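Coordinates from structure_4.tsv are shown below (TSV, C-alpha atoms).
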chain	number	residue	atom	x	y	z
A	1	MET	CA	-38.12	-3.24	-176.58
A	2	SER	CA	-34.95	-2.60	-178.53
A	3	SER	CA	-33.45	-6.13	-178.72
A	4	ILE	CA	-34.14	-9.79	-178.19
A	5	GLU	CA	-31.46	-9.77	-175.51
A	6	GLU	CA	-33.40	-7.06	-173.70
A	7	ALA	CA	-36.65	-8.99	-174.12
A	8	SER	CA	-35.06	-12.11	-172.71
A	9	GLY	CA	-33.67	-10.18	-169.75
A	10	SER	CA	-37.03	-8.54	-169.11
A	11	VAL	CA	-38.84	-11.89	-169.10
A	12	ALA	CA	-36.21	-13.28	-166.75
A	13	THR	CA	-36.72	-10.32	-164.39
A	14	ASN	CA	-40.48	-10.85	-164.45
A	15	ALA	CA	-40.00	-14.54	-163.69
A	16	GLU	CA	-37.80	-13.63	-160.72
A	17	SER	CA	-40.43	-11.15	-159.48
A	18	ALA	CA	-43.13	-13.81	-159.77
A	19	ARG	CA	-41.00	-16.19	-157.71
A	20	GLU	CA	-40.45	-13.51	-155.05
A	21	LEU	CA	-44.19	-12.90	-154.97
A	22	ALA	CA	-44.79	-16.64	-154.54
A	23	GLY	CA	-42.29	-16.65	-151.67
A	24	SER	CA	-44.04	-13.71	-149.95
A	25	ILE	CA	-47.45	-15.33	-150.31
A	26	THR	CA	-46.08	-18.58	-148.91
A	27	SER	CA	-44.70	-16.67	-145.91
A	28	SER	CA	-48.11	-15.07	-145.37
A	29	LYS	CA	-49.70	-18.48	-145.57
A	30	ASP	CA	-47.35	-19.79	-142.87
A	31	LEU	CA	-48.28	-16.84	-140.63
A	32	LEU	CA	-51.99	-17.48	-141.22
A	33	ASP	CA	-51.54	-21.16	-140.37
A	34	SER	CA	-49.75	-20.22	-137.19
A	35	LEU	CA	-52.48	-17.73	-136.27
A	36	ALA	CA	-55.20	-20.31	-136.99
A	37	ALA	CA	-53.48	-22.78	-134.67
A	38	ARG	CA	-53.29	-20.22	-131.87
A	39	LEU	CA	-56.95	-19.18	-132.30
A	40	ASP	CA	-57.97	-22.80	-132.27
A	41	ALA	CA	-55.94	-23.35	-129.10
A	42	ILE	CA	-57.75	-20.55	-127.24
A	43	GLY	CA	-61.15	-21.78	-128.43
A	44	VAL	CA	-61.99	-19.18	-131.11
A	45	GLU	CA	-62.96	-21.94	-133.54
A	46	THR	CA	-64.94	-19.93	-136.11
A	47	THR	CA	-62.19	-17.36	-136.54
A	48	ALA	CA	-59.62	-20.12	-136.63
A	49	ARG	CA	-61.49	-21.83	-139.47
A	50	GLN	CA	-61.72	-18.54	-141.39
A	51	THR	CA	-58.01	-17.99	-140.90
A	52	GLN	CA	-57.29	-21.53	-142.11
A	53	VAL	CA	-59.39	-20.90	-145.26
A	54	ALA	CA	-57.41	-17.71	-145.85
A	55	GLY	CA	-54.21	-19.73	-145.48
A	56	ASP	CA	-55.40	-22.29	-148.02
A	57	ARG	CA	-56.25	-19.47	-150.40
A	58	ALA	CA	-52.78	-18.03	-149.93
A	59	GLU	CA	-51.27	-21.41	-150.74
A	60	GLU	CA	-53.32	-21.55	-153.92
A	61	LEU	CA	-52.15	-18.06	-154.89
A	62	ALA	CA	-48.54	-19.04	-154.26
A	63	GLY	CA	-49.04	-22.00	-156.59
A	64	HIS	CA	-50.37	-19.69	-159.30
A	65	ALA	CA	-47.43	-17.34	-158.84
A	66	ASN	CA	-44.99	-20.25	-159.17
A	67	ALA	CA	-46.79	-21.45	-162.30
A	68	LEU	CA	-46.51	-17.94	-163.73
A	69	ALA	CA	-42.79	-17.92	-162.97
A	70	ASP	CA	-42.38	-21.30	-164.72
A	71	ALA	CA	-44.28	-20.01	-167.73
A	72	LEU	CA	-42.06	-16.95	-167.86
A	73	ASP	CA	-38.98	-19.16	-167.66
A	74	SER	CA	-40.29	-21.17	-170.61
A	75	LEU	CA	-40.97	-17.97	-172.49
A	76	ARG	CA	-37.42	-16.86	-171.87
A	77	GLN	CA	-36.10	-20.13	-173.28
A	78	GLN	CA	-38.26	-19.64	-176.34
A	79	VAL	CA	-36.98	-16.10	-176.77
A	80	ASP	CA	-33.41	-17.44	-176.47
A	81	ALA	CA	-34.16	-20.14	-179.06
A	82	LEU	CA	-35.66	-17.55	-181.38
A	83	LYS	CA	-32.58	-15.46	-180.93
A	84	GLY	CA	-30.41	-18.41	-181.98
A	85	LEU	CA	-32.54	-19.13	-185.03
A	86	LEU	CA	-32.45	-15.50	-186.00
A	87	ALA	CA	-28.68	-15.41	-185.75
A	88	SER	CA	-28.49	-18.58	-187.85
A	89	ALA	CA	-30.84	-17.10	-190.45
A	90	ILE	CA	-28.72	-13.98	-190.62
A	91	ARG	CA	-25.61	-16.02	-191.26
A	92	SER	CA	-27.13	-18.33	-193.87
A	93	GLY	CA	-28.78	-15.35	-195.55
A	94	ALA	CA	-25.37	-13.76	-196.07
A	95	GLY	CA	-24.33	-16.68	-198.32
A	96	ASN	CA	-27.58	-16.90	-200.25
A	97	SER	CA	-27.57	-16.58	-204.02
A	98	ILE	CA	-30.32	-13.96	-203.78
A	99	ARG	CA	-27.78	-11.96	-201.92
A	100	GLY	CA	-29.38	-8.57	-202.18
A	101	ARG	CA	-32.72	-9.53	-200.69
A	102	ALA	CA	-31.18	-11.86	-198.15
A	103	SER	CA	-28.69	-9.25	-197.05
A	104	ARG	CA	-31.40	-6.66	-196.66
A	105	SER	CA	-33.47	-9.15	-194.65
A	106	ALA	CA	-30.50	-10.05	-192.52
A	107	SER	CA	-29.68	-6.43	-192.02
A	108	ALA	CA	-33.25	-5.65	-191.06
A	109	ALA	CA	-33.36	-8.62	-188.71
A	110	GLY	CA	-30.06	-7.67	-187.18
A	111	SER	CA	-31.30	-4.16	-186.70
A	112	ALA	CA	-34.51	-5.41	-185.16
A	113	ALA	CA	-32.54	-7.58	-182.82
A	114	GLY	CA	-30.28	-4.65	-182.02
A	115	GLN	CA	-27.21	-6.85	-182.07
A	116	GLU	CA	-24.75	-8.61	-184.33
A	117	PRO	CA	-24.57	-12.41	-184.21
A	118	LEU	CA	-21.75	-13.64	-182.03
A	119	PRO	CA	-18.74	-15.06	-183.88
A	120	LEU	CA	-18.92	-18.83	-184.25
A	121	LYS	CA	-16.07	-21.26	-183.82
A	122	GLY	CA	-15.75	-24.83	-185.01
A	123	PRO	CA	-18.12	-26.58	-187.43
A	124	ALA	CA	-21.14	-24.51	-186.37
A	125	ALA	CA	-19.57	-21.67	-188.31
A	126	SER	CA	-19.90	-23.55	-191.60
A	127	VAL	CA	-22.88	-25.90	-191.38
A	128	SER	CA	-26.56	-25.49	-190.58
A	129	PRO	CA	-28.06	-27.30	-187.61
A	130	ARG	CA	-29.95	-30.53	-188.33
A	131	GLY	CA	-31.04	-31.53	-184.85
A	132	ILE	CA	-30.31	-34.66	-182.85
A	133	SER	CA	-30.96	-38.20	-184.06
A	134	LYS	CA	-33.92	-40.10	-182.64
A	135	ARG	CA	-31.84	-42.84	-181.08
A	136	HIS	CA	-30.57	-40.42	-178.43
A	137	PHE	CA	-34.03	-39.74	-177.01
A	138	LEU	CA	-35.55	-42.08	-174.49
A	139	GLY	CA	-39.03	-41.48	-175.85
A	140	LYS	CA	-38.04	-42.27	-179.43
A	141	LEU	CA	-35.97	-45.43	-178.96
A	142	GLN	CA	-36.79	-48.34	-181.22
A	143	MET	CA	-35.50	-51.90	-181.13
A	144	LYS	CA	-33.72	-51.23	-184.41
A	145	SER	CA	-31.89	-48.13	-183.10
A	146	GLU	CA	-28.19	-48.80	-183.56
A	147	ALA	CA	-26.39	-49.65	-180.29
A	148	LYS	CA	-22.79	-48.48	-180.21
A	149	LYS	CA	-20.00	-48.94	-177.72
A	150	ARG	CA	-20.98	-45.70	-175.98
A	151	ASN	CA	-24.53	-44.37	-176.25
A	152	THR	CA	-25.68	-41.07	-174.82
A	153	VAL	CA	-29.37	-40.84	-174.02
A	154	VAL	CA	-31.18	-37.56	-173.40
A	155	LEU	CA	-33.58	-37.72	-170.48
A	156	HIS	CA	-37.01	-36.10	-170.59
A	157	GLY	CA	-37.09	-32.42	-169.76
A	158	VAL	CA	-33.76	-31.48	-171.33
A	159	ASP	CA	-34.31	-28.60	-173.76
A	160	THR	CA	-31.89	-29.66	-176.47
A	161	ASP	CA	-33.48	-27.23	-178.96
A	162	ALA	CA	-32.45	-24.31	-176.76
A	163	ASP	CA	-28.94	-25.76	-176.40
A	164	ILE	CA	-28.63	-26.14	-180.17
A	165	ALA	CA	-29.83	-22.57	-180.67
A	166	ALA	CA	-27.17	-21.48	-178.17
A	167	ILE	CA	-24.47	-23.29	-180.15
A	168	TRP	CA	-25.47	-21.59	-183.39
A	169	SER	CA	-25.79	-18.19	-181.80
A	170	GLY	CA	-22.30	-18.34	-180.32
A	171	ARG	CA	-23.54	-18.52	-176.73
A	172	ALA	CA	-22.15	-22.01	-176.13
A	173	ALA	CA	-18.54	-22.51	-175.06
A	174	TYR	CA	-16.47	-23.93	-177.87
A	175	LEU	CA	-14.28	-26.63	-176.33
A	176	HIS	CA	-12.17	-28.05	-179.17
A	177	ASP	CA	-12.52	-29.89	-182.47
A	178	ASN	CA	-16.30	-30.22	-182.95
A	179	LEU	CA	-17.36	-30.04	-179.31
A	180	TYR	CA	-19.39	-27.38	-177.51
A	181	LYS	CA	-20.61	-26.97	-173.94
A	182	VAL	CA	-23.80	-25.25	-172.89
A	183	ASN	CA	-25.94	-25.54	-169.75
A	184	ASP	CA	-23.54	-28.12	-168.28
A	185	ARG	CA	-23.98	-30.33	-171.32
A	186	THR	CA	-21.43	-31.21	-173.99
A	187	TYR	CA	-22.50	-31.65	-177.60
A	188	GLY	CA	-20.72	-32.57	-180.80
A	189	VAL	CA	-21.51	-31.24	-184.27
A	190	LYS	CA	-20.99	-33.45	-187.33
A	191	PRO	CA	-20.02	-32.17	-190.77
A	192	THR	CA	-23.60	-32.88	-191.82
A	193	GLY	CA	-24.87	-30.43	-189.19
A	194	THR	CA	-26.32	-33.23	-187.07
A	195	VAL	CA	-25.81	-32.56	-183.37
A	196	TYR	CA	-25.14	-35.36	-180.91
A	197	PRO	CA	-25.20	-35.34	-177.12
A	198	VAL	CA	-21.95	-36.35	-175.44
A	199	ARG	CA	-22.36	-36.07	-171.69
A	200	GLY	CA	-23.63	-33.75	-168.97
A	201	LYS	CA	-26.65	-32.77	-166.94
A	202	GLY	CA	-29.70	-34.70	-168.11
A	203	PHE	CA	-27.66	-37.08	-170.26
A	204	VAL	CA	-26.92	-40.73	-169.49
A	205	GLU	CA	-24.11	-42.77	-171.02
A	206	LEU	CA	-24.81	-46.44	-171.59
A	207	ASP	CA	-22.72	-49.23	-173.02
A	208	LYS	CA	-23.97	-51.40	-175.86
A	209	LEU	CA	-25.71	-53.96	-173.64
A	210	GLU	CA	-27.27	-51.39	-171.29
A	211	TYR	CA	-28.58	-49.43	-174.25
A	212	THR	CA	-29.95	-52.64	-175.79
A	213	ALA	CA	-31.71	-53.43	-172.50
A	214	LEU	CA	-33.13	-49.91	-172.36
A	215	LYS	CA	-34.52	-50.28	-175.87
A	216	GLY	CA	-36.20	-53.48	-174.74
A	217	LEU	CA	-37.73	-51.90	-171.64
A	218	LYS	CA	-38.98	-48.98	-173.68
A	219	VAL	CA	-40.51	-51.10	-176.44
A	220	TYR	CA	-42.04	-53.64	-174.02
A	221	ASN	CA	-43.31	-51.05	-171.52
A	222	GLY	CA	-40.88	-52.02	-168.79
A	223	ASP	CA	-41.48	-55.78	-169.06
A	224	ARG	CA	-37.99	-57.29	-168.82
A	225	ALA	CA	-39.16	-60.85	-169.47
A	226	ALA	CA	-40.92	-59.81	-172.66
A	227	ALA	CA	-37.89	-57.79	-173.74
A	228	GLU	CA	-35.59	-60.75	-173.18
A	229	ARG	CA	-37.65	-62.79	-175.62
A	230	ASP	CA	-37.06	-60.31	-178.43
A	231	PRO	CA	-34.49	-61.79	-180.85
A	232	LYS	CA	-32.44	-58.57	-180.84
A	233	ILE	CA	-31.99	-59.01	-177.09
A	234	ALA	CA	-32.10	-62.81	-176.82
A	235	ARG	CA	-28.86	-63.01	-178.78
A	236	PHE	CA	-27.08	-61.30	-175.87
A	237	SER	CA	-28.66	-63.46	-173.16
A	238	ARG	CA	-25.28	-64.85	-172.06
A	239	HIS	CA	-23.73	-61.40	-171.88
A	240	MET	CA	-26.39	-59.31	-170.14
A	241	THR	CA	-26.41	-59.43	-166.35
A	242	ASP	CA	-28.83	-58.25	-163.68
A	243	LYS	CA	-26.63	-55.19	-163.35
A	244	THR	CA	-27.09	-54.48	-167.06
A	245	TRP	CA	-30.84	-54.53	-166.56
A	246	GLU	CA	-30.71	-52.51	-163.34
A	247	THR	CA	-28.79	-49.74	-165.08
A	248	ALA	CA	-31.26	-49.72	-167.95
A	249	ARG	CA	-34.19	-49.88	-165.54
A	250	ASN	CA	-32.95	-46.82	-163.65
A	251	VAL	CA	-32.85	-44.81	-166.86
A	252	PHE	CA	-36.21	-46.17	-167.95
A	253	ASN	CA	-37.77	-45.24	-164.61
A	254	GLN	CA	-36.43	-41.69	-164.84
A	255	GLY	CA	-38.24	-41.43	-168.14
A	256	GLN	CA	-41.45	-42.72	-166.57
A	257	GLU	CA	-41.23	-40.26	-163.67
A	258	ARG	CA	-40.73	-37.29	-165.95
A	259	ALA	CA	-43.22	-38.32	-168.65
I	1	MET	CA	-16.83	-53.24	-170.51
I	2	ARG	CA	-14.72	-53.95	-173.56
I	3	ASP	CA	-16.73	-54.06	-176.76
I	4	TYR	CA	-15.43	-55.46	-180.01
I	5	THR	CA	-18.36	-55.05	-182.39
I	6	ILE	CA	-17.37	-55.20	-186.04
I	7	VAL	CA	-20.02	-54.97	-188.73
I	8	PHE	CA	-19.44	-56.37	-192.20
I	9	ILE	CA	-21.02	-54.16	-194.83
I	10	GLU	CA	-20.67	-56.78	-197.54
I	11	PRO	CA	-22.24	-60.25	-197.53
I	12	VAL	CA	-20.31	-62.69	-195.36
I	13	ASP	CA	-21.05	-66.33	-194.54
I	14	LEU	CA	-21.51	-66.69	-190.78
I	15	GLY	CA	-19.87	-70.11	-190.69
I	16	VAL	CA	-16.79	-68.80	-192.47
I	17	LEU	CA	-16.68	-65.76	-190.20
I	18	ALA	CA	-16.82	-67.99	-187.11
I	19	ALA	CA	-14.12	-70.28	-188.49
I	20	GLU	CA	-11.81	-67.38	-189.36
I	21	ALA	CA	-12.36	-65.74	-185.97
I	22	ALA	CA	-11.59	-69.05	-184.24
I	23	ASP	CA	-8.40	-69.43	-186.25
I	24	ALA	CA	-7.26	-65.83	-185.97
I	25	PHE	CA	-7.72	-65.54	-182.22
I	26	ALA	CA	-7.19	-69.16	-181.13
I	27	ILE	CA	-10.74	-69.55	-179.87
I	28	PRO	CA	-12.24	-73.03	-179.66
I	29	ARG	CA	-14.92	-73.03	-182.34
I	30	GLU	CA	-17.57	-74.28	-179.90
I	31	GLN	CA	-17.01	-71.21	-177.72
I	32	ILE	CA	-18.19	-68.87	-180.47
I	33	GLU	CA	-21.93	-68.31	-180.62
I	34	VAL	CA	-23.54	-68.19	-184.05
I	35	TRP	CA	-26.78	-66.21	-184.08
I	36	ASP	CA	-28.68	-66.57	-187.33
I	37	GLY	CA	-31.08	-63.72	-186.62
I	38	ARG	CA	-33.69	-65.85	-184.89
I	39	THR	CA	-31.84	-68.40	-182.82
I	40	PHE	CA	-28.43	-69.85	-182.04
I	41	ALA	CA	-27.31	-72.11	-184.82
I	42	ALA	CA	-25.61	-74.64	-182.57
I	43	PRO	CA	-24.98	-75.39	-178.89
I	44	VAL	CA	-22.02	-73.62	-177.38
I	45	VAL	CA	-19.58	-74.41	-174.62
I	46	GLU	CA	-19.32	-71.95	-171.76
I	47	PRO	CA	-17.68	-69.60	-171.31
I	48	VAL	CA	-18.64	-68.02	-174.60
I	49	ILE	CA	-15.75	-65.95	-175.93
I	50	ALA	CA	-17.25	-64.34	-179.03
I	51	GLN	CA	-20.34	-64.19	-181.17
I	52	VAL	CA	-20.95	-63.95	-184.87
I	53	ALA	CA	-24.41	-62.87	-185.92
I	54	ALA	CA	-26.55	-62.06	-188.89
I	55	GLY	CA	-26.61	-58.35	-189.60
I	56	SER	CA	-29.16	-56.30	-187.72
I	57	GLY	CA	-30.38	-54.10	-190.57
I	58	PRO	CA	-29.95	-52.99	-194.19
I	59	GLY	CA	-26.30	-52.60	-195.13
I	60	ALA	CA	-25.19	-54.65	-192.13
I	61	TYR	CA	-24.64	-58.17	-193.36
I	62	ALA	CA	-22.88	-59.80	-190.42
I	63	GLU	CA	-21.39	-58.91	-187.06
I	64	PHE	CA	-18.50	-60.11	-185.02
I	65	VAL	CA	-19.01	-59.32	-181.33
I	66	GLY	CA	-16.67	-59.80	-178.40
I	67	PHE	CA	-16.87	-58.46	-174.88
I	68	ASP	CA	-14.65	-58.81	-171.82
I	69	ALA	CA	-14.19	-62.57	-172.27
I	70	PHE	CA	-12.81	-61.98	-175.75
I	71	ALA	CA	-10.49	-59.24	-174.46
I	72	SER	CA	-9.16	-61.52	-171.72
I	73	HIS	CA	-8.72	-64.44	-174.06
I	74	THR	CA	-6.86	-62.46	-176.69
I	75	GLY	CA	-4.77	-60.16	-174.51
I	76	ASP	CA	-6.86	-57.01	-174.90
I	77	PRO	CA	-6.05	-56.17	-178.51
I	78	GLU	CA	-6.99	-52.89	-180.20
I	79	LEU	CA	-10.38	-52.94	-181.89
I	80	LEU	CA	-8.77	-51.77	-185.11
I	81	ASP	CA	-6.34	-54.71	-185.11
I	82	VAL	CA	-9.19	-57.17	-184.68
I	83	ALA	CA	-11.17	-55.53	-187.49
I	84	VAL	CA	-8.19	-55.53	-189.86
I	85	GLU	CA	-7.49	-59.17	-189.09
I	86	LEU	CA	-11.06	-60.24	-189.84
I	87	ALA	CA	-11.61	-57.98	-192.87
I	88	THR	CA	-8.41	-59.15	-194.56
I	89	ARG	CA	-9.10	-62.79	-193.81
I	90	LEU	CA	-12.64	-62.59	-195.20
I	91	LYS	CA	-11.68	-60.08	-197.88
I	92	HIS	CA	-14.73	-57.98	-197.20
I	93	ARG	CA	-15.27	-54.50	-195.84
I	94	ALA	CA	-16.18	-53.94	-192.24
I	95	VAL	CA	-16.92	-50.94	-190.04
I	96	PHE	CA	-16.88	-50.30	-186.33
I	97	GLY	CA	-18.32	-47.46	-184.32
I	98	PRO	CA	-16.63	-44.65	-182.41
I	99	GLU	CA	-14.94	-45.73	-179.21
I	100	THR	CA	-15.80	-42.64	-177.15
I	101	ALA	CA	-18.93	-40.56	-176.67
I	102	GLU	CA	-17.05	-37.52	-177.99
I	103	ASP	CA	-16.35	-39.06	-181.39
I	104	TYR	CA	-18.95	-39.58	-184.10
I	105	ARG	CA	-16.81	-41.10	-186.80
I	106	TRP	CA	-16.85	-44.77	-187.60
I	107	THR	CA	-13.84	-46.62	-188.95
I	108	LEU	CA	-14.02	-48.48	-192.24
I	109	VAL	CA	-11.60	-51.30	-192.91
I	110	ALA	CA	-11.34	-52.29	-196.55
I	111	ALA	CA	-10.73	-55.83	-197.78
I	112	ASP	CA	-7.03	-55.06	-198.18
I	113	GLY	CA	-6.72	-53.83	-194.61
I	114	SER	CA	-6.48	-50.14	-195.44
I	115	HIS	CA	-8.67	-48.13	-193.17
I	116	GLY	CA	-9.88	-44.67	-192.25
I	117	LYS	CA	-12.56	-42.66	-190.54
I	118	VAL	CA	-15.95	-42.43	-192.20
I	119	VAL	CA	-19.28	-40.71	-191.55
I	120	LEU	CA	-22.50	-42.70	-191.57
I	121	ASP	CA	-26.00	-41.51	-192.48
I	122	ASP	CA	-27.67	-40.64	-189.17
I	123	ASP	CA	-31.22	-41.07	-190.35
I	124	GLN	CA	-30.44	-44.55	-191.63
I	125	LEU	CA	-28.61	-45.40	-188.43
I	126	ASP	CA	-31.75	-44.54	-186.47
I	127	ASP	CA	-33.40	-47.37	-188.35
I	128	GLY	CA	-30.52	-49.76	-187.82
I	129	ALA	CA	-29.22	-49.39	-191.37
I	130	ILE	CA	-25.57	-48.81	-192.23
I	131	LYS	CA	-24.92	-46.34	-195.04
I	132	VAL	CA	-21.49	-44.78	-195.42
I	133	LEU	CA	-21.77	-41.17	-196.61
I	134	GLY	CA	-18.07	-40.68	-197.16
I	135	SER	CA	-14.65	-40.73	-195.59
I	136	VAL	CA	-12.87	-37.93	-193.77
I	137	GLU	CA	-9.47	-39.29	-194.82
I	138	PRO	CA	-8.32	-41.22	-197.88
I	139	ILE	CA	-8.77	-45.00	-197.74
I	140	SER	CA	-6.84	-46.70	-200.51
I	141	GLY	CA	-9.08	-49.75	-200.47
I	142	ALA	CA	-12.22	-47.64	-200.76
I	143	PRO	CA	-11.29	-44.96	-203.30
I	144	GLU	CA	-14.89	-44.41	-204.46
I	145	LEU	CA	-15.98	-42.95	-201.15
I	146	PRO	CA	-16.56	-39.21	-201.34
I	147	GLN	CA	-14.26	-37.12	-199.18
I	148	LEU	CA	-16.05	-35.21	-196.43
I	149	PRO	CA	-14.69	-32.27	-194.48
I	150	GLU	CA	-13.18	-33.28	-191.18
I	151	THR	CA	-14.45	-31.43	-188.14
I	152	HIS	CA	-12.68	-33.46	-185.51
Encoding of this model in structure tokens:
Amino acid sequence: MSSIEEASGSVATNAESARELAGSITSSKDLLDSLAARLDAIGVETTARQTQVAGDRAEELAGHANALADALDSLRQQVDALKGLLASAIRSGAGNSIRGRASRSASAAGSAAGQEPLPLKGPAASVSPRGISKRHFLGKLQMKSEAKKRNTVVLHGVDTDADIAAIWSGRAAYLHDNLYKVNDRTYGVKPTGTVYPVRGKGFVELDKLEYTALKGLKVYNGDRAAAERDPKIARFSRHMTDKTWETARNVFNQGQERA
Amino acid sequence: MRDYTIVFIEPVDLGVLAAEAADAFAIPREQIEVWDGRTFAAPVVEPVIAQVAAGSGPGAYAEFVGFDAFASHTGDPELLDVAVELATRLKHRAVFGPETAEDYRWTLVAADGSHGKVVLDDDQLDDGAIKVLGSVEPISGAPELPQLPETH
């Protein structure tokens, strides 16, 4: 394997093959089901039962093949993330005071990867990534999380680490100013290196009151009445409506479904 | 929904803040809620037009909050104009958050009304605390703030 890019592509190909295999097995299972029904109809019950068992087995195999494909997809994301981290390390190594050793390491890493890091635009070119603040994640919300005019919440299942790695490896589209787009999601990068979600697939934008309601639902396990008694929410009792709570509830429920 | 949330980052008396807000924006005093952190300090007359409240965390001493009712009552002013009016009347610094999801910079209004974009500490903000790391443009009324590179 001569490069991470090649490794990523190879894993992706294997994942695709696994999915094709799952599709073929599922087709075989459908044929077996159909055959079992026909045998049953003409009174060959024992053979029909055996055929049905074979069909169930095929279904099980298809499930395994799909699981394998999912695992390979995850592996590919990890390879991509590693690639981003490697590119970042190469860049930061170039400015290190122990320049000689760092440069040799970067050179070796670059050689191992078989590729040069892509040129970066915007703030990612000059700061190191610091991740996304807790208040943007549904699972990490606290009552004391600051509620702003616009609040973007990341739903469960969104691989923000892979997106961040893509930004720092130059694989995200640089939009303008400090904004980047990757995987149908827009992110901003602060001068501190902190990344923040803006909008896109798997993100939800909430206003101050909706976000406050969501915090309450999260902290009180979905119990609106209990949340409304919390002083940080009670102060807005004349301003929050049923619609405010419905919006928050929808987001909360999405988190429950995916958890 | 319009949102006029202005956070004072220096100690402010809630009664004075309510009185100044009432005077500045011609709001009947009894239509401004005063939240002391645990309960409302006095009965209010509906419809409520604005709220003043005890700060919600370290570094946040008091808040002025207005929503659509405040916007309608006052003719939909700019958030910055409201913040400058209150900060200069109370002679204390205030901040307000970014107005779009794209922006990350807060705005600091000094006691003299000068203002500029600032960056807050994200880790502190996660815990509801307001800590200004520095400004991305000079603010004459806050000359001690370190200058940060602007990326936006």
Residues at most 7 Å from range 186-203 of chain A, counting only C-alpha atoms, excluding those fewer than 2 positions away in the same chain, as a CSV table (one decimal) with C-alpha atoms, in the coordinates of the input?
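The result, stored in around.csv:
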chain,number,residue,atom,x,y,z
A,123,PRO,CA,-18.1,-26.6,-187.4
A,127,VAL,CA,-22.9,-25.9,-191.4
A,128,SER,CA,-26.6,-25.5,-190.6
A,129,PRO,CA,-28.1,-27.3,-187.6
A,130,ARG,CA,-30.0,-30.5,-188.3
A,131,GLY,CA,-31.0,-31.5,-184.8
A,132,ILE,CA,-30.3,-34.7,-182.8
A,152,THR,CA,-25.7,-41.1,-174.8
A,153,VAL,CA,-29.4,-40.8,-174.0
A,154,VAL,CA,-31.2,-37.6,-173.4
A,155,LEU,CA,-33.6,-37.7,-170.5
A,158,VAL,CA,-33.8,-31.5,-171.3
A,178,ASN,CA,-16.3,-30.2,-183.0
A,179,LEU,CA,-17.4,-30.0,-179.3
A,180,TYR,CA,-19.4,-27.4,-177.5
A,181,LYS,CA,-20.6,-27.0,-173.9
A,182,VAL,CA,-23.8,-25.2,-172.9
A,184,ASP,CA,-23.5,-28.1,-168.3
A,205,GLU,CA,-24.1,-42.8,-171.0
I,101,ALA,CA,-18.9,-40.6,-176.7
I,102,GLU,CA,-17.0,-37.5,-178.0
I,149,PRO,CA,-14.7,-32.3,-194.5
I,150,GLU,CA,-13.2,-33.3,-191.2
I,151,THR,CA,-14.4,-31.4,-188.1
- Item | Surrounding residues of Met240 in chain A excluding itself and chain neighbours under 5 positions, 9 Å, all atoms listed in the file, as a ChimeraX atom specification | /A:209-210,213,233,245
Using all atoms listed in the file, I'd like every residue of chain I that has an atom within 7 Å of chain A; please write them out as an mmCIF file with C-alpha atoms, keeping the file's coordinate frame.
data_model
loop_
_atom_site.group_PDB
_atom_site.id
_atom_site.type_symbol
_atom_site.label_atom_id
_atom_site.label_comp_id
_atom_site.auth_asym_id
_atom_site.auth_seq_id
_atom_site.Cartn_x
_atom_site.Cartn_y
_atom_site.Cartn_z
ATOM 1 C CA ASP I 3 -16.730 -54.060 -176.760
ATOM 2 C CA TRP I 35 -26.780 -66.210 -184.080
ATOM 3 C CA GLY I 37 -31.080 -63.720 -186.620
ATOM 4 C CA ARG I 38 -33.690 -65.850 -184.890
ATOM 5 C CA GLY I 97 -18.320 -47.460 -184.320
ATOM 6 C CA GLU I 99 -14.940 -45.730 -179.210
ATOM 7 C CA THR I 100 -15.800 -42.640 -177.150
ATOM 8 C CA ALA I 101 -18.930 -40.560 -176.670
ATOM 9 C CA GLU I 102 -17.050 -37.520 -177.990
ATOM 10 C CA ASP I 122 -27.670 -40.640 -189.170
ATOM 11 C CA ASP I 123 -31.220 -41.070 -190.350
ATOM 12 C CA LEU I 125 -28.610 -45.400 -188.430
ATOM 13 C CA ASP I 126 -31.750 -44.540 -186.470
ATOM 14 C CA ASP I 127 -33.400 -47.370 -188.350
ATOM 15 C CA GLY I 128 -30.520 -49.760 -187.820
ATOM 16 C CA PRO I 149 -14.690 -32.270 -194.480
ATOM 17 C CA GLU I 150 -13.180 -33.280 -191.180
ATOM 18 C CA THR I 151 -14.450 -31.430 -188.140
ATOM 19 C CA HIS I 152 -12.680 -33.460 -185.510
#
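The space separating CA of Ser114 in chain I from CA of Leu133 in chain I comes to 17.8 Å.
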- Item | Distance of CA of Val82 in chain I from CA of Gly59 in chain I, expressed in Å to one decimal place | 20.6 Å
What are the centre and edge lengths in Å, to one decimal, of the axis-aligned box around all listed atoms of range 111-129 of chain I with 3 Å added on each side, as lines of an AutoDock Vina configuration file?
center_x = -19.9
center_y = -48.2
center_z = -192.3
size_x = 32.9
size_y = 21.2
size_z = 17.7
- To one decimal in Å, tell me the separation between CA of Leu145 in chain I and CA of Trp106 in chain I.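 These two atoms are separated by 13.7 Å.
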- Residue nearest Glu137 in chain I - candidates I:Arg105, I:Gly113, I:Ala21, I:Asp13, atoms counted: all atoms listed in the file: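 Distance minimum relative to Glu137 in chain I lands on I:Arg105.
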- Query: If you count all atoms listed in the file, which residues fall within 12 Å of range 23-30 of chain I, apart from same-chain ones fewer than 3 positions away, as a VMD selection string?
  - Reply: chain I and resid 15 to 20 33 to 34 40 to 52 66 69 to 77 81 to 90
- Excluding Lys91 in chain I and residues on its chain fewer than 4 positions from it, collect all residues at most 8 Å away from it, counting all atoms listed in the file, and give them as a list of chain:residue names. I:Ala87, I:Ala110, I:Ala111, I:Asp112
